[in-house]
file start.txt (compact mmCIF, C-alpha atoms and all ligand atoms)
# COMPACT_ATOMS: atom_id res chain seq x y z
CA MET A 1 -26.03 -23.76 -18.32
CA SER A 2 -23.85 -23.07 -21.34
CA VAL A 3 -24.81 -20.33 -23.77
CA PHE A 4 -22.60 -21.71 -26.55
CA ARG A 5 -22.80 -24.87 -28.65
CA ALA A 6 -20.60 -27.49 -26.99
CA ASP A 7 -18.20 -27.82 -29.96
CA VAL A 8 -18.23 -24.20 -31.11
CA LEU A 9 -14.41 -23.93 -30.99
CA LYS A 10 -13.64 -27.44 -32.23
CA GLY A 11 -10.59 -27.38 -34.52
CA ARG A 12 -9.14 -24.19 -33.05
CA VAL A 13 -5.64 -24.17 -31.54
CA ALA A 14 -5.01 -21.31 -29.12
CA LEU A 15 -1.87 -19.95 -27.49
CA VAL A 16 -2.79 -18.13 -24.28
CA THR A 17 -0.14 -16.04 -22.53
CA GLY A 18 -0.62 -15.66 -18.80
CA GLY A 19 -2.76 -18.80 -19.08
CA GLY A 20 -1.62 -20.36 -15.81
CA THR A 21 -3.60 -18.02 -13.55
CA GLY A 22 -6.57 -15.70 -13.23
CA ILE A 23 -8.54 -14.40 -16.18
CA CYS A 24 -6.39 -16.07 -18.82
CA LYS A 25 -6.52 -19.44 -17.11
CA GLY A 26 -10.31 -18.98 -17.28
CA ILE A 27 -10.06 -18.20 -21.00
CA ALA A 28 -7.87 -21.27 -21.64
CA ARG A 29 -10.28 -23.47 -19.67
CA ASN A 30 -13.31 -22.10 -21.50
CA PHE A 31 -11.64 -22.45 -24.91
CA SER A 32 -10.87 -26.06 -24.06
CA GLN A 33 -14.38 -26.73 -22.83
CA TYR A 34 -15.74 -25.60 -26.19
CA GLY A 35 -13.39 -27.84 -28.15
CA ALA A 36 -10.15 -25.89 -28.74
CA ASN A 37 -6.68 -27.28 -28.04
CA VAL A 38 -4.63 -24.87 -25.96
CA VAL A 39 -1.02 -24.01 -25.21
CA ILE A 40 -0.58 -21.88 -22.10
CA THR A 41 2.53 -19.86 -21.30
CA SER A 42 4.00 -17.72 -18.55
CA ARG A 43 7.15 -17.62 -16.42
CA LYS A 44 6.09 -19.95 -13.59
CA LEU A 45 5.98 -23.51 -14.81
CA GLU A 46 4.30 -24.81 -11.65
CA ASN A 47 1.21 -22.65 -12.24
CA LEU A 48 1.07 -23.68 -15.87
CA GLU A 49 1.37 -27.37 -15.06
CA LYS A 50 -1.40 -27.16 -12.49
CA ALA A 51 -3.72 -25.33 -14.90
CA ALA A 52 -2.92 -27.80 -17.69
CA GLU A 53 -3.66 -30.74 -15.39
CA GLU A 54 -7.05 -29.25 -14.51
CA ILE A 55 -7.90 -28.70 -18.16
CA GLU A 56 -6.82 -32.21 -19.13
CA ALA A 57 -8.71 -33.71 -16.19
CA ALA A 58 -11.84 -32.11 -17.65
CA GLY A 59 -11.16 -33.87 -20.96
CA GLY A 60 -9.26 -31.16 -22.84
CA LYS A 61 -5.83 -30.97 -24.45
CA CYS A 62 -3.50 -28.41 -22.90
CA VAL A 63 0.28 -28.02 -23.15
CA PRO A 64 2.14 -25.82 -20.64
CA VAL A 65 5.19 -23.97 -22.00
CA GLN A 66 7.40 -21.78 -19.86
CA ALA A 67 8.02 -18.53 -21.77
CA ASP A 68 8.67 -14.94 -20.78
CA VAL A 69 6.86 -12.70 -23.29
CA ARG A 70 9.78 -10.27 -23.11
CA LYS A 71 12.07 -12.87 -24.69
CA PRO A 72 11.36 -13.41 -28.40
CA GLU A 73 13.24 -16.73 -28.51
CA GLU A 74 11.11 -18.19 -25.70
CA VAL A 75 7.92 -16.99 -27.36
CA GLU A 76 9.00 -18.46 -30.70
CA ARG A 77 9.54 -21.76 -28.93
CA ALA A 78 6.02 -21.66 -27.53
CA VAL A 79 4.64 -21.11 -31.03
CA ALA A 80 6.79 -23.99 -32.30
CA VAL A 81 5.41 -26.27 -29.56
CA ALA A 82 1.84 -25.41 -30.59
CA LEU A 83 2.64 -26.28 -34.21
CA GLU A 84 4.44 -29.52 -33.24
CA ARG A 85 1.73 -30.71 -30.88
CA PHE A 86 -1.38 -29.60 -32.71
CA GLY A 87 -0.26 -28.99 -36.32
CA LYS A 88 -1.49 -25.41 -36.49
CA LEU A 89 -2.08 -22.20 -34.55
CA ASP A 90 -5.07 -19.98 -35.31
CA THR A 91 -5.74 -18.12 -32.06
CA VAL A 92 -3.48 -15.98 -29.89
CA VAL A 93 -4.60 -14.52 -26.57
CA ASN A 94 -2.23 -11.90 -25.19
CA GLY A 95 -3.02 -11.78 -21.49
CA ALA A 96 0.38 -11.62 -19.79
CA ALA A 97 0.63 -8.42 -17.78
CA GLY A 98 2.20 -6.77 -14.78
CA ASN A 99 0.67 -4.23 -12.44
CA PHE A 100 1.22 -2.48 -9.13
CA LEU A 101 0.04 0.79 -7.65
CA CYS A 102 2.62 3.57 -7.80
CA PRO A 103 2.53 7.34 -8.36
CA ALA A 104 4.26 8.37 -11.58
CA SER A 105 6.73 10.51 -9.63
CA GLN A 106 7.85 7.45 -7.65
CA LEU A 107 8.13 5.01 -10.57
CA SER A 108 11.72 4.09 -11.31
CA TYR A 109 12.77 4.09 -14.95
CA ASN A 110 12.96 0.34 -14.77
CA ALA A 111 9.50 -0.01 -13.18
CA PHE A 112 7.85 1.87 -16.05
CA ARG A 113 9.89 -0.02 -18.61
CA THR A 114 9.09 -3.39 -17.03
CA VAL A 115 5.33 -2.99 -17.43
CA MET A 116 5.68 -1.63 -20.97
CA GLU A 117 7.90 -4.60 -21.80
CA ILE A 118 5.54 -7.22 -20.41
CA ASP A 119 2.25 -5.78 -21.65
CA THR A 120 2.94 -3.88 -24.87
CA ILE A 121 6.19 -5.31 -26.20
CA GLY A 122 5.19 -8.77 -24.98
CA THR A 123 1.96 -8.52 -26.97
CA PHE A 124 3.93 -7.52 -30.06
CA ASN A 125 6.50 -10.30 -29.57
CA VAL A 126 3.91 -13.05 -29.27
CA THR A 127 1.74 -11.75 -32.09
CA LYS A 128 4.71 -11.38 -34.42
CA ALA A 129 6.01 -14.85 -33.55
CA ALA A 130 2.59 -16.28 -34.48
CA PHE A 131 2.26 -14.30 -37.73
CA GLU A 132 3.21 -17.06 -40.16
CA ALA A 133 0.93 -19.58 -38.53
CA LEU A 134 -1.93 -17.06 -38.41
CA SER A 135 -1.42 -16.15 -42.08
CA LYS A 136 -1.53 -19.81 -43.04
CA ALA A 137 -4.74 -20.25 -41.07
CA GLY A 138 -6.14 -17.16 -42.83
CA ALA A 139 -5.22 -18.51 -46.27
CA GLU A 140 -7.01 -21.74 -45.35
CA GLY A 141 -10.16 -19.87 -44.27
CA GLN A 142 -9.84 -20.82 -40.61
CA ASP A 143 -10.74 -17.38 -39.23
CA PRO A 144 -7.56 -16.72 -37.23
CA LEU A 145 -7.85 -14.37 -34.27
CA VAL A 146 -5.54 -12.24 -32.14
CA LEU A 147 -7.22 -11.31 -28.88
CA ASN A 148 -5.55 -8.91 -26.47
CA ILE A 149 -6.63 -8.38 -22.89
CA THR A 150 -6.43 -4.69 -22.06
CA ALA A 151 -8.31 -2.57 -19.49
CA THR A 152 -10.35 0.64 -19.24
CA LEU A 153 -7.89 2.49 -16.97
CA HIS A 154 -6.50 4.60 -19.81
CA TYR A 155 -9.91 5.87 -20.94
CA VAL A 156 -9.62 8.30 -18.03
CA GLY A 157 -6.72 9.58 -15.94
CA THR A 158 -6.41 6.76 -13.43
CA PRO A 159 -4.03 7.70 -10.61
CA LEU A 160 -1.15 5.39 -9.67
CA GLN A 161 -1.41 3.65 -13.03
CA ALA A 162 0.77 5.73 -15.42
CA HIS A 163 2.74 2.64 -16.44
CA VAL A 164 -0.31 0.44 -17.00
CA MET A 165 -2.29 3.18 -18.77
CA ALA A 166 0.57 3.72 -21.21
CA ALA A 167 1.04 -0.01 -21.71
CA LYS A 168 -2.62 -0.84 -22.36
CA ALA A 169 -3.08 2.22 -24.60
CA GLY A 170 -0.15 0.92 -26.64
CA ILE A 171 -1.92 -2.41 -27.07
CA ASP A 172 -5.10 -0.65 -28.23
CA ALA A 173 -3.04 1.20 -30.87
CA LEU A 174 -1.27 -1.97 -31.98
CA MET A 175 -4.60 -3.76 -32.30
CA LYS A 176 -5.95 -1.04 -34.61
CA ASN A 177 -2.88 -1.25 -36.83
CA LEU A 178 -2.92 -5.03 -37.07
CA ALA A 179 -6.66 -5.23 -37.72
CA VAL A 180 -6.06 -3.04 -40.78
CA GLU A 181 -2.74 -4.54 -41.96
CA TRP A 182 -3.68 -8.17 -41.38
CA GLY A 183 -7.39 -8.01 -42.24
CA PRO A 184 -6.67 -8.74 -45.91
CA LEU A 185 -4.96 -11.97 -44.75
CA GLY A 186 -8.18 -13.03 -43.04
CA ILE A 187 -6.79 -12.38 -39.55
CA ARG A 188 -9.12 -10.70 -37.05
CA VAL A 189 -7.62 -8.64 -34.22
CA ASN A 190 -9.67 -7.54 -31.21
CA ASN A 191 -9.29 -6.50 -27.59
CA ILE A 192 -11.29 -7.31 -24.50
CA ALA A 193 -11.20 -4.52 -21.92
CA PRO A 194 -12.29 -5.96 -18.59
CA GLY A 195 -13.38 -3.83 -15.68
CA PRO A 196 -12.64 -4.99 -12.13
CA ILE A 197 -12.86 -8.78 -12.03
CA GLY A 198 -13.25 -10.60 -8.72
CA ASP A 199 -10.90 -13.33 -7.43
CA THR A 200 -7.94 -12.15 -9.48
CA GLU A 201 -4.39 -11.11 -8.76
CA GLY A 202 -5.15 -7.85 -10.53
CA MET A 203 -7.86 -6.83 -8.08
CA MET A 204 -5.84 -8.13 -5.12
CA ARG A 205 -3.14 -5.63 -6.11
CA LEU A 206 -5.38 -2.72 -7.07
CA ALA A 207 -8.13 -2.99 -4.48
CA PRO A 208 -6.91 -4.83 -1.40
CA GLY A 209 -9.18 -5.40 1.61
CA ASP A 210 -12.17 -3.10 2.10
CA LEU A 211 -11.43 -1.10 -1.02
CA ALA A 212 -12.93 -3.82 -3.19
CA GLN A 213 -16.39 -3.41 -1.67
CA LYS A 214 -16.20 0.37 -1.97
CA MET A 215 -15.21 0.07 -5.62
CA ALA A 216 -18.00 -2.39 -6.36
CA ALA A 217 -20.56 -0.02 -4.83
CA ASN A 218 -19.61 2.62 -7.43
CA ILE A 219 -20.03 0.32 -10.43
CA PRO A 220 -23.40 0.83 -12.15
CA LEU A 221 -24.06 -2.94 -12.09
CA ARG A 222 -23.01 -2.87 -8.41
CA ARG A 223 -20.55 -5.75 -8.52
CA PHE A 224 -17.22 -6.91 -9.88
CA GLY A 225 -17.22 -9.01 -13.01
CA THR A 226 -16.32 -12.68 -12.98
CA ILE A 227 -13.56 -14.56 -14.74
CA GLN A 228 -16.26 -16.59 -16.48
CA GLU A 229 -17.80 -13.43 -17.96
CA ILE A 230 -14.50 -12.46 -19.57
CA ALA A 231 -13.88 -16.03 -20.70
CA ASP A 232 -17.34 -16.13 -22.32
CA MET A 233 -16.59 -12.93 -24.25
CA ALA A 234 -13.39 -14.60 -25.47
CA VAL A 235 -15.33 -17.65 -26.68
CA PHE A 236 -17.82 -15.38 -28.44
CA LEU A 237 -15.01 -13.52 -30.23
CA ALA A 238 -13.38 -16.80 -31.30
CA SER A 239 -16.68 -18.22 -32.52
CA PRO A 240 -18.27 -17.94 -35.97
CA ALA A 241 -20.76 -15.46 -34.47
CA ALA A 242 -17.91 -12.91 -34.48
CA ARG A 243 -16.56 -13.55 -38.00
CA TYR A 244 -17.07 -9.92 -39.01
CA ILE A 245 -15.78 -8.41 -35.77
CA SER A 246 -12.26 -7.04 -36.11
CA GLY A 247 -10.63 -3.88 -34.82
CA ALA A 248 -13.05 -3.83 -31.89
CA ILE A 249 -12.61 -3.26 -28.19
CA MET A 250 -15.19 -5.22 -26.25
CA ILE A 251 -15.63 -3.49 -22.90
CA VAL A 252 -16.83 -5.88 -20.21
CA ASP A 253 -17.02 -3.70 -17.13
CA GLY A 254 -20.61 -3.24 -15.94
CA ALA A 255 -20.36 0.39 -17.22
CA GLN A 256 -17.69 1.09 -14.60
CA TRP A 257 -15.47 3.43 -16.59
CA LEU A 258 -18.38 5.62 -17.69
CA ALA A 259 -19.23 6.19 -14.04
CA THR A 260 -15.67 6.92 -12.91
CA GLN A 261 -15.77 9.66 -10.27
CA PRO A 262 -13.32 12.54 -10.34
CA PHE A 263 -10.37 11.43 -8.25
CA GLU A 264 -9.73 12.86 -4.80
CA MET A 265 -5.97 13.40 -4.46
C1 LIG A 301 6.95 0.45 -7.38
C2 LIG A 301 7.80 -1.51 -8.26
C3 LIG A 301 6.81 -2.26 -7.59
C4 LIG A 301 5.87 -1.56 -6.77
C5 LIG A 301 8.07 -3.63 -8.69
N1 LIG A 301 8.55 -2.40 -8.92
N2 LIG A 301 7.00 -3.58 -7.87
N3 LIG A 301 7.88 -0.17 -8.16
N4 LIG A 301 5.98 -0.21 -6.71
N5 LIG A 301 4.90 -2.21 -6.10
C6 LIG A 301 9.72 -2.05 -9.69
C7 LIG A 301 10.98 -2.71 -9.13
O1 LIG A 301 11.49 -2.01 -8.04
C8 LIG A 301 11.90 -2.67 -10.35
O2 LIG A 301 12.47 -1.41 -10.53
C9 LIG A 301 10.93 -2.88 -11.51
O3 LIG A 301 9.62 -2.53 -11.03
C10 LIG A 301 10.91 -4.31 -11.98
O4 LIG A 301 10.61 -5.13 -10.87
P1 LIG A 301 10.98 -6.69 -10.85
O5 LIG A 301 10.39 -7.27 -9.62
O6 LIG A 301 12.44 -6.87 -11.11
O7 LIG A 301 10.24 -7.16 -12.20
P2 LIG A 301 9.73 -8.57 -12.65
O8 LIG A 301 10.35 -9.67 -11.83
O9 LIG A 301 9.90 -8.60 -14.10
O10 LIG A 301 8.17 -8.55 -12.24
C11 LIG A 301 7.26 -7.76 -12.91
C12 LIG A 301 6.25 -7.12 -11.95
C13 LIG A 301 5.64 -8.15 -10.98
C14 LIG A 301 5.18 -6.43 -12.77
C15 LIG A 301 6.97 -6.05 -11.11
O11 LIG A 301 4.76 -7.54 -10.06
C16 LIG A 301 4.96 -9.27 -11.69
O12 LIG A 301 5.59 -10.24 -12.09
N6 LIG A 301 3.62 -9.18 -11.95
C17 LIG A 301 2.88 -10.22 -12.66
C18 LIG A 301 1.54 -10.46 -12.04
C19 LIG A 301 0.64 -9.24 -12.07
O13 LIG A 301 1.12 -8.09 -11.94
N7 LIG A 301 -0.65 -9.49 -12.20
C20 LIG A 301 -1.62 -8.42 -12.20
C21 LIG A 301 -2.05 -8.14 -13.60
S1 LIG A 301 -3.53 -7.26 -13.37
P3 LIG A 301 13.99 -1.07 -10.01
O14 LIG A 301 14.21 0.32 -10.46
O15 LIG A 301 13.96 -1.22 -8.53
O16 LIG A 301 14.90 -2.06 -10.70
C22 LIG A 301 -3.65 -5.96 -14.30
C23 LIG A 301 -4.92 -5.17 -14.00
C24 LIG A 301 -5.18 -4.12 -15.00
O17 LIG A 301 -2.83 -5.72 -15.09
C25 LIG A 301 -6.41 -3.29 -14.74
C26 LIG A 301 -7.28 -3.57 -13.58
C27 LIG A 301 -8.54 -2.73 -13.46
P1 LIG A 302 -2.75 -12.56 -13.23
O1 LIG A 302 -3.42 -13.82 -12.79
O2 LIG A 302 -1.60 -12.08 -12.45
O3 LIG A 302 -2.36 -12.71 -14.75
C1 LIG A 302 -1.18 -12.18 -15.31
C2 LIG A 302 -0.41 -13.32 -15.92
O4 LIG A 302 0.67 -12.79 -16.67
C3 LIG A 302 0.17 -14.29 -14.89
O5 LIG A 302 -0.24 -15.59 -15.25
C4 LIG A 302 1.67 -14.15 -15.06
O6 LIG A 302 2.29 -15.43 -14.90
C5 LIG A 302 1.77 -13.66 -16.50
N1 LIG A 302 2.99 -12.90 -16.75
C6 LIG A 302 3.45 -11.82 -16.08
N2 LIG A 302 4.62 -11.42 -16.58
C7 LIG A 302 4.91 -12.27 -17.59
C8 LIG A 302 5.98 -12.37 -18.50
N3 LIG A 302 7.01 -11.52 -18.49
N4 LIG A 302 5.96 -13.36 -19.43
C9 LIG A 302 4.92 -14.23 -19.47
N5 LIG A 302 3.88 -14.18 -18.63
C10 LIG A 302 3.87 -13.21 -17.70
O7 LIG A 302 -3.78 -11.35 -13.26
P2 LIG A 302 -5.27 -11.16 -13.81
O8 LIG A 302 -5.86 -10.19 -12.89
O9 LIG A 302 -5.95 -12.43 -14.10
O10 LIG A 302 -4.98 -10.39 -15.19
C11 LIG A 302 -5.04 -11.03 -16.45
C12 LIG A 302 -5.16 -10.01 -17.56
O11 LIG A 302 -6.37 -9.26 -17.41
C13 LIG A 302 -4.05 -8.97 -17.60
O12 LIG A 302 -3.77 -8.63 -18.95
C14 LIG A 302 -4.65 -7.79 -16.89
O13 LIG A 302 -4.04 -6.58 -17.24
C15 LIG A 302 -6.07 -7.87 -17.40
N6 LIG A 302 -7.05 -7.17 -16.57
C16 LIG A 302 -7.35 -7.64 -15.34
C17 LIG A 302 -8.31 -7.02 -14.59
C18 LIG A 302 -8.71 -7.53 -13.24
O14 LIG A 302 -9.67 -7.01 -12.65
N7 LIG A 302 -8.08 -8.55 -12.72
C19 LIG A 302 -8.95 -5.88 -15.08
C20 LIG A 302 -8.60 -5.40 -16.34
C21 LIG A 302 -7.65 -6.07 -17.08
P3 LIG A 302 3.80 -15.63 -14.39
O15 LIG A 302 3.96 -14.85 -13.15
O16 LIG A 302 3.90 -17.11 -14.25
O17 LIG A 302 4.69 -15.13 -15.50
call {"tool": "encode", "arguments": {"input": "start.txt", "output": "structure tokens"}}
result
Amino acid sequence: MSVFRADVLKGRVALVTGGGTGICKGIARNFSQYGANVVITSRKLENLEKAAEEIEAAGGKCVPVQADVRKPEEVERAVAVALERFGKLDTVVNGAAGNFLCPASQLSYNAFRTVMEIDTIGTFNVTKAAFEALSKAGAEGQDPLVLNITATLHYVGTPLQAHVMAAKAGIDALMKNLAVEWGPLGIRVNNIAPGPIGDTEGMMRLAPGDLAQKMAANIPLRRFGTIQEIADMAVFLASPAARYISGAIMIVDGAQWLATQPFEM
């Protein structure tokens, strides 16, 4: 049973990076279900087309656009498509990310740079490309929103994640700056920091096989989160219920990071 009014996001137009798979596909689907039109982007067109078909089959409007967040011209094109197809853009979800387990001493220069470029610089690229459209939406009182998907890894010293910790911490810092600089334009900027979420590429990479069960047993709520739980937080933040929430990090992790055990090397 839905906890939100069926048309709570009616009139919104959202660009969701990484929207062809996993958590961000869930966010795009949920946005659409509650009335938003969505543009989804990533590198693999086949994933995007499949996700868009699913969303349209459920009665929504979804346009897939191939775009690498590291390439400003591709991102600008995605923004242009949103404006052409839907006449406006008032919501940006920065979910595109890369991750793998690797000790800092073994990371190549390019490996570190690659994750910084996808997560942190990619978030900047997309947000900057959308700035004019977001400002216009702000001037028209449409409550524009930038929503970044981060993590809780960098709240502690998570081993094998130097690249991702640095990248997500950079997004937290960027969010704080933009919430202050763009607040006067009516633009809200927030982050969702998920804990371990089941049935995702992220957890497949970070906790393969038996490790997942062991990890879940150490989470105070004793389970992984679901894609739907993150997608519902995204709908809440895009809804009028969150009109005064900006500069916030919404942690959705079952209290996992607070209970992080000292690492055994
Ligand atoms: C060490 C690695 C590596 C690995 C790649 N590299 N995988 N180094 N261990 N497992 C190195 C490569 O050798 C190369 O360096 C550099 O990283 C770039 O690799 P490419 O394959 O050329 O990069 P690219 O094609 O751009 O792909 C990016 C990627 C890839 C991040 C490496 O895995 C990807 O596309 N990921 C997207 C999907 C994803 O990661 N989803 C999970 C998000 S979950 P050299 O020096 O050899 O050139 C998430 C969870 C957060 O973020 C928190 C959870 C709790
Ligand atoms: P996912 O399905 O792999 O999502 C990552 C997405 O990013 C993919 O759709 C991928 O699509 C896209 N992407 C990667 N590089 C890109 C690039 N250069 N340009 C454009 N798009 C790119 O993994 P997920 O687990 O659902 O993660 C989604 C988000 O949640 C990420 O920000 C992740 O850090 C965060 N998160 C996840 C968890 C978890 O438990 N899963 C926990 C905390 C935070 P293409 O390959 O088609 O480009």
call {"tool": "closest_residue", "arguments": {"input": "start.txt", "among": "A:Gln161, A:Ile245, A:Leu147, A:Ala234", "to": "Gln106 (chain A)", "atoms": "only C-alpha atoms"}}
result
A:Gln161
call {"tool": "residues_near_ligand", "arguments": {"input": "start.txt", "ligand": "ligand LIG 302 (chain A)", "cutoff": "6 Å", "atoms": "only C-alpha atoms and all ligand atoms", "output": "count of residues only"}}
result
31
call {"tool": "axis_aligned_box", "arguments": {"input": "start.txt", "around": "ligand LIG 301 (chain A)", "padding_each_side": "8 Å", "output": "lines of an AutoDock Vina configuration file"}}
result
center_x = 3.2
center_y = -5.0
center_z = -10.6
size_x = 39.4
size_y = 26.9
size_z = 25.0
call {"tool": "atom_distance", "arguments": {"input": "start.txt", "atom1": "CA of Thr120 (chain A)", "atom2": "CA of Leu160 (chain A)"}}
result
18.3 Å
call {"tool": "closest_residue", "arguments": {"input": "start.txt", "among": "A:Val16, A:Ile219, A:Ala130, A:Ala248", "to": "Val38 (chain A)", "atoms": "all atoms listed in the file"}}
result
A:Val16
call {"tool": "residues_around", "arguments": {"input": "start.txt", "residues": "region 134-146 of chain A", "least_positions_apart": "5", "cutoff": "7 Å", "atoms": "only C-alpha atoms", "output": "list in words"}}
result
Leu89, Asp90, Thr91, Val92, Val93, Leu185, Gly186, Ile187, Arg188, Val189, Asn190 and Ala238 of chain A
call {"tool": "atom_distance", "arguments": {"input": "start.txt", "atom1": "CA of Val164 (chain A)", "atom2": "CA of Phe31 (chain A)"}}
result
26.7 Å
call {"tool": "closest_residue", "arguments": {"input": "start.txt", "among": "A:Val235, A:Leu9, A:Val252, A:Ala28", "to": "ligand LIG 301 (chain A)", "atoms": "only C-alpha atoms and all ligand atoms"}}
result
A:Val252
call {"tool": "closest_residue", "arguments": {"input": "start.txt", "among": "A:Val39, A:Phe224, A:Leu83, A:Ser239", "to": "Ala6 (chain A)", "atoms": "all atoms listed in the file"}}
result
A:Ser239
call {"tool": "residues_around", "arguments": {"input": "start.txt", "residues": "Pro72 (chain A)", "least_positions_apart": "4", "cutoff": "8 Å", "atoms": "all atoms listed in the file", "output": "VMD selection string"}}
result
chain A and resid 76 125 to 126 129
call {"tool": "closest_residue", "arguments": {"input": "start.txt", "among": "A:Trp257, A:Phe236, A:Tyr244, A:Phe124", "to": "ligand LIG 301 (chain A)", "atoms": "all atoms listed in the file"}}
result
A:Trp257
call {"tool": "atom_distance", "arguments": {"input": "start.txt", "atom1": "CA of Val65 (chain A)", "atom2": "CA of Asn99 (chain A)"}}
result
22.4 Å
call {"tool": "closest_residue", "arguments": {"input": "start.txt", "among": "A:Gly59, A:Tyr109, A:Ile249, A:Phe131", "to": "Ala80 (chain A)", "atoms": "only C-alpha atoms"}}
result
A:Phe131
call {"tool": "residues_around", "arguments": {"input": "start.txt", "residues": "Pro220 (chain A)", "least_positions_apart": "2", "cutoff": "8 Å", "atoms": "all atoms listed in the file", "output": "list in words"}}
result
Ala217, Asn218, Arg222, Gly254, Ala255, Gln256 and Ala259 of chain A
call {"tool": "build_atoms", "arguments": {"input": "start.txt", "residues": "region 244-264 of chain A", "atoms": "N, CA and C atoms", "output": "PDB file, in the frame of the given file"}}
result
ATOM      1  N   TYR A 244     -17.250 -11.243 -38.398  1.00  0.00           N
ATOM      2  CA  TYR A 244     -17.070  -9.920 -39.010  1.00  0.00           C
ATOM      3  C   TYR A 244     -16.629  -8.882 -37.975  1.00  0.00           C
ATOM      4  N   ILE A 245     -16.224  -9.357 -36.804  1.00  0.00           N
ATOM      5  CA  ILE A 245     -15.780  -8.410 -35.770  1.00  0.00           C
ATOM      6  C   ILE A 245     -14.249  -8.381 -35.772  1.00  0.00           C
ATOM      7  N   SER A 246     -13.710  -7.248 -36.180  1.00  0.00           N
ATOM      8  CA  SER A 246     -12.260  -7.040 -36.110  1.00  0.00           C
ATOM      9  C   SER A 246     -12.013  -5.567 -35.854  1.00  0.00           C
ATOM     10  N   GLY A 247     -10.928  -5.272 -35.140  1.00  0.00           N
ATOM     11  CA  GLY A 247     -10.630  -3.880 -34.820  1.00  0.00           C
ATOM     12  C   GLY A 247     -11.512  -3.351 -33.700  1.00  0.00           C
ATOM     13  N   ALA A 248     -12.097  -4.263 -32.930  1.00  0.00           N
ATOM     14  CA  ALA A 248     -13.050  -3.830 -31.890  1.00  0.00           C
ATOM     15  C   ALA A 248     -12.465  -3.985 -30.489  1.00  0.00           C
ATOM     16  N   ILE A 249     -12.917  -3.113 -29.618  1.00  0.00           N
ATOM     17  CA  ILE A 249     -12.610  -3.260 -28.190  1.00  0.00           C
ATOM     18  C   ILE A 249     -13.919  -3.595 -27.491  1.00  0.00           C
ATOM     19  N   MET A 250     -13.988  -4.793 -26.954  1.00  0.00           N
ATOM     20  CA  MET A 250     -15.190  -5.220 -26.250  1.00  0.00           C
ATOM     21  C   MET A 250     -15.015  -4.884 -24.774  1.00  0.00           C
ATOM     22  N   ILE A 251     -15.733  -3.902 -24.299  1.00  0.00           N
ATOM     23  CA  ILE A 251     -15.630  -3.490 -22.900  1.00  0.00           C
ATOM     24  C   ILE A 251     -16.575  -4.360 -22.075  1.00  0.00           C
ATOM     25  N   VAL A 252     -16.013  -5.011 -21.065  1.00  0.00           N
ATOM     26  CA  VAL A 252     -16.830  -5.880 -20.210  1.00  0.00           C
ATOM     27  C   VAL A 252     -16.612  -5.411 -18.779  1.00  0.00           C
ATOM     28  N   ASP A 253     -17.332  -4.365 -18.401  1.00  0.00           N
ATOM     29  CA  ASP A 253     -17.020  -3.700 -17.130  1.00  0.00           C
ATOM     30  C   ASP A 253     -18.232  -3.210 -16.337  1.00  0.00           C
ATOM     31  N   GLY A 254     -19.430  -3.671 -16.704  1.00  0.00           N
ATOM     32  CA  GLY A 254     -20.610  -3.240 -15.940  1.00  0.00           C
ATOM     33  C   GLY A 254     -20.802  -1.726 -15.977  1.00  0.00           C
ATOM     34  N   ALA A 255     -20.289  -1.079 -17.024  1.00  0.00           N
ATOM     35  CA  ALA A 255     -20.360   0.390 -17.220  1.00  0.00           C
ATOM     36  C   ALA A 255     -19.496   1.151 -16.211  1.00  0.00           C
ATOM     37  N   GLN A 256     -18.494   0.448 -15.656  1.00  0.00           N
ATOM     38  CA  GLN A 256     -17.690   1.090 -14.600  1.00  0.00           C
ATOM     39  C   GLN A 256     -16.981   2.351 -15.076  1.00  0.00           C
ATOM     40  N   TRP A 257     -16.319   2.287 -16.237  1.00  0.00           N
ATOM     41  CA  TRP A 257     -15.470   3.430 -16.590  1.00  0.00           C
ATOM     42  C   TRP A 257     -16.298   4.679 -16.896  1.00  0.00           C
ATOM     43  N   LEU A 258     -17.522   4.462 -17.401  1.00  0.00           N
ATOM     44  CA  LEU A 258     -18.380   5.620 -17.690  1.00  0.00           C
ATOM     45  C   LEU A 258     -18.761   6.357 -16.413  1.00  0.00           C
ATOM     46  N   ALA A 259     -18.781   5.614 -15.306  1.00  0.00           N
ATOM     47  CA  ALA A 259     -19.230   6.190 -14.040  1.00  0.00           C
ATOM     48  C   ALA A 259     -18.065   6.595 -13.146  1.00  0.00           C
ATOM     49  N   THR A 260     -16.846   6.587 -13.722  1.00  0.00           N
ATOM     50  CA  THR A 260     -15.670   6.920 -12.910  1.00  0.00           C
ATOM     51  C   THR A 260     -15.820   8.303 -12.295  1.00  0.00           C
ATOM     52  N   GLN A 261     -15.640   8.377 -10.982  1.00  0.00           N
ATOM     53  CA  GLN A 261     -15.770   9.660 -10.270  1.00  0.00           C
ATOM     54  C   GLN A 261     -14.463  10.430 -10.373  1.00  0.00           C
ATOM     55  N   PRO A 262     -14.544  11.756 -10.396  1.00  0.00           N
ATOM     56  CA  PRO A 262     -13.320  12.540 -10.340  1.00  0.00           C
ATOM     57  C   PRO A 262     -12.507  12.113  -9.115  1.00  0.00           C
ATOM     58  N   PHE A 263     -11.218  11.981  -9.315  1.00  0.00           N
ATOM     59  CA  PHE A 263     -10.370  11.430  -8.250  1.00  0.00           C
ATOM     60  C   PHE A 263     -10.092  12.455  -7.153  1.00  0.00           C
ATOM     61  N   GLU A 264     -10.121  11.988  -5.912  1.00  0.00           N
ATOM     62  CA  GLU A 264      -9.730  12.860  -4.800  1.00  0.00           C
ATOM     63  C   GLU A 264      -8.261  12.612  -4.493  1.00  0.00           C
TER      64      GLU A 264
END
